[in-house]
Amino acid sequence: MAWDEWEQIKADEAAPQSASMRLNQLAPTAGGGGVGRPDMASSPEAKKAAAKAIGEDVEPGVTRDGKHAAESTNAAVKEFGPKDGHGWDTSSALKRTQETWEKQVRMLLGRLASEKQALSATGISFQSNELDTTARLARQSRIDGI
């Protein structure tokens, strides 16, 4: 690339440019959530089902499979470990790997518990907000005589 061409590119980039936007269509009349879909939707049933699935399927599966991996790795650590005063380096590496695995399983179980609790709390929070809004509207309509 020639020096003059490089200078021209830098000058073009440094020059103030006007920002412009062109809309090819209007937003749907139902809002920005897509055609015929509201912007925000809450399904207490779906949240309850997701929390139940985490508690009854995912968490027990992670616990079970985490223990299975621990048992298999511990057996391998024992096999590669020192029997006559000498062992394989693989044994200590597997042991460190197992410690990391157990830590990650605990972290995953903690995260799943947090998500399960959040799903339950969100449903309650939305329901409380709806009740509060309904009460405010009822109070307002009595005041205004509507």
# chains A, B, ... in the order shown; residues from 1 in each chain; ligands from 1
>>> residues_around(residues="Ser72 of chain A", least_positions_apart="6", cutoff="12 Å", atoms="only C-alpha atoms", output="list in words")
Asp65, Gly66, Lys78, Glu79, Leu94, Lys95 and Gln98 of chain A
>>> write_last_selection(atoms="all heavy atoms", output="PDB file, in the first residue's frame")
ATOM      1  N   ASP A  65     -24.223 -38.381  38.664  1.00  0.00           N
ATOM      2  CA  ASP A  65     -23.140 -38.484  37.686  1.00  0.00           C
ATOM      3  C   ASP A  65     -21.824 -37.940  38.240  1.00  0.00           C
ATOM      4  O   ASP A  65     -20.750 -38.427  37.909  1.00  0.00           O
ATOM      5  CB  ASP A  65     -23.520 -37.782  36.393  1.00  0.00           C
ATOM      6  CG  ASP A  65     -24.702 -38.460  35.703  1.00  0.00           C
ATOM      7  OD1 ASP A  65     -24.974 -39.653  36.008  1.00  0.00           O
ATOM      8  OD2 ASP A  65     -25.365 -37.814  34.876  1.00  0.00           O
ATOM      9  N   GLY A  66     -21.899 -36.930  39.092  1.00  0.00           N
ATOM     10  CA  GLY A  66     -20.696 -36.407  39.732  1.00  0.00           C
ATOM     11  C   GLY A  66     -20.058 -37.436  40.639  1.00  0.00           C
ATOM     12  O   GLY A  66     -18.839 -37.589  40.675  1.00  0.00           O
ATOM     13  N   LYS A  78      -6.015 -45.015  42.468  1.00  0.00           N
ATOM     14  CA  LYS A  78      -5.502 -46.132  43.261  1.00  0.00           C
ATOM     15  C   LYS A  78      -4.668 -47.079  42.394  1.00  0.00           C
ATOM     16  O   LYS A  78      -3.598 -47.533  42.812  1.00  0.00           O
ATOM     17  CB  LYS A  78      -6.665 -46.879  43.902  1.00  0.00           C
ATOM     18  CG  LYS A  78      -6.244 -47.959  44.849  1.00  0.00           C
ATOM     19  CD  LYS A  78      -7.443 -48.591  45.515  1.00  0.00           C
ATOM     20  CE  LYS A  78      -6.982 -49.705  46.455  1.00  0.00           C
ATOM     21  NZ  LYS A  78      -8.118 -50.390  47.070  1.00  0.00           N
ATOM     22  N   GLU A  79      -5.141 -47.366  41.196  1.00  0.00           N
ATOM     23  CA  GLU A  79      -4.418 -48.274  40.307  1.00  0.00           C
ATOM     24  C   GLU A  79      -3.072 -47.702  39.868  1.00  0.00           C
ATOM     25  O   GLU A  79      -2.097 -48.433  39.743  1.00  0.00           O
ATOM     26  CB  GLU A  79      -5.257 -48.604  39.067  1.00  0.00           C
ATOM     27  CG  GLU A  79      -6.386 -49.566  39.325  1.00  0.00           C
ATOM     28  CD  GLU A  79      -5.902 -50.928  39.815  1.00  0.00           C
ATOM     29  OE1 GLU A  79      -4.932 -51.479  39.238  1.00  0.00           O
ATOM     30  OE2 GLU A  79      -6.479 -51.427  40.787  1.00  0.00           O
ATOM     31  N   LEU A  94      -4.422 -37.215  38.107  1.00  0.00           N
ATOM     32  CA  LEU A  94      -5.846 -37.590  38.195  1.00  0.00           C
ATOM     33  C   LEU A  94      -6.457 -37.101  39.501  1.00  0.00           C
ATOM     34  O   LEU A  94      -7.614 -36.686  39.533  1.00  0.00           O
ATOM     35  CB  LEU A  94      -6.005 -39.100  38.072  1.00  0.00           C
ATOM     36  CG  LEU A  94      -5.938 -39.686  36.677  1.00  0.00           C
ATOM     37  CD1 LEU A  94      -5.915 -41.209  36.736  1.00  0.00           C
ATOM     38  CD2 LEU A  94      -7.119 -39.203  35.844  1.00  0.00           C
ATOM     39  N   LYS A  95      -5.698 -37.158  40.565  1.00  0.00           N
ATOM     40  CA  LYS A  95      -6.204 -36.690  41.856  1.00  0.00           C
ATOM     41  C   LYS A  95      -6.521 -35.192  41.807  1.00  0.00           C
ATOM     42  O   LYS A  95      -7.567 -34.750  42.285  1.00  0.00           O
ATOM     43  CB  LYS A  95      -5.198 -36.997  42.961  1.00  0.00           C
ATOM     44  CG  LYS A  95      -5.722 -36.714  44.353  1.00  0.00           C
ATOM     45  CD  LYS A  95      -4.907 -37.457  45.386  1.00  0.00           C
ATOM     46  CE  LYS A  95      -5.421 -37.249  46.775  1.00  0.00           C
ATOM     47  NZ  LYS A  95      -6.762 -37.774  46.978  1.00  0.00           N
ATOM     48  N   GLN A  98      -9.581 -34.708  39.790  1.00  0.00           N
ATOM     49  CA  GLN A  98     -10.773 -35.078  40.553  1.00  0.00           C
ATOM     50  C   GLN A  98     -11.180 -33.969  41.518  1.00  0.00           C
ATOM     51  O   GLN A  98     -12.357 -33.678  41.672  1.00  0.00           O
ATOM     52  CB  GLN A  98     -10.530 -36.388  41.322  1.00  0.00           C
ATOM     53  CG  GLN A  98     -11.694 -36.825  42.176  1.00  0.00           C
ATOM     54  CD  GLN A  98     -12.965 -37.028  41.371  1.00  0.00           C
ATOM     55  OE1 GLN A  98     -12.926 -37.360  40.195  1.00  0.00           O
ATOM     56  NE2 GLN A  98     -14.098 -36.807  41.999  1.00  0.00           N
TER      57      GLN A  98
END
>>> residues_around(residues="Lys67 of chain A", least_positions_apart="3", cutoff="12 Å", atoms="only C-alpha atoms", output="MDAnalysis selection string")
chainID A and resid 60:64 70:74 98 101:102 105:106
>>> residues_around(residues="Gly55 of chain A", least_positions_apart="3", cutoff="12 Å", atoms="only C-alpha atoms", output="PyMOL selection string")
chain A and resi 48-52+58-63+109-117+119-120
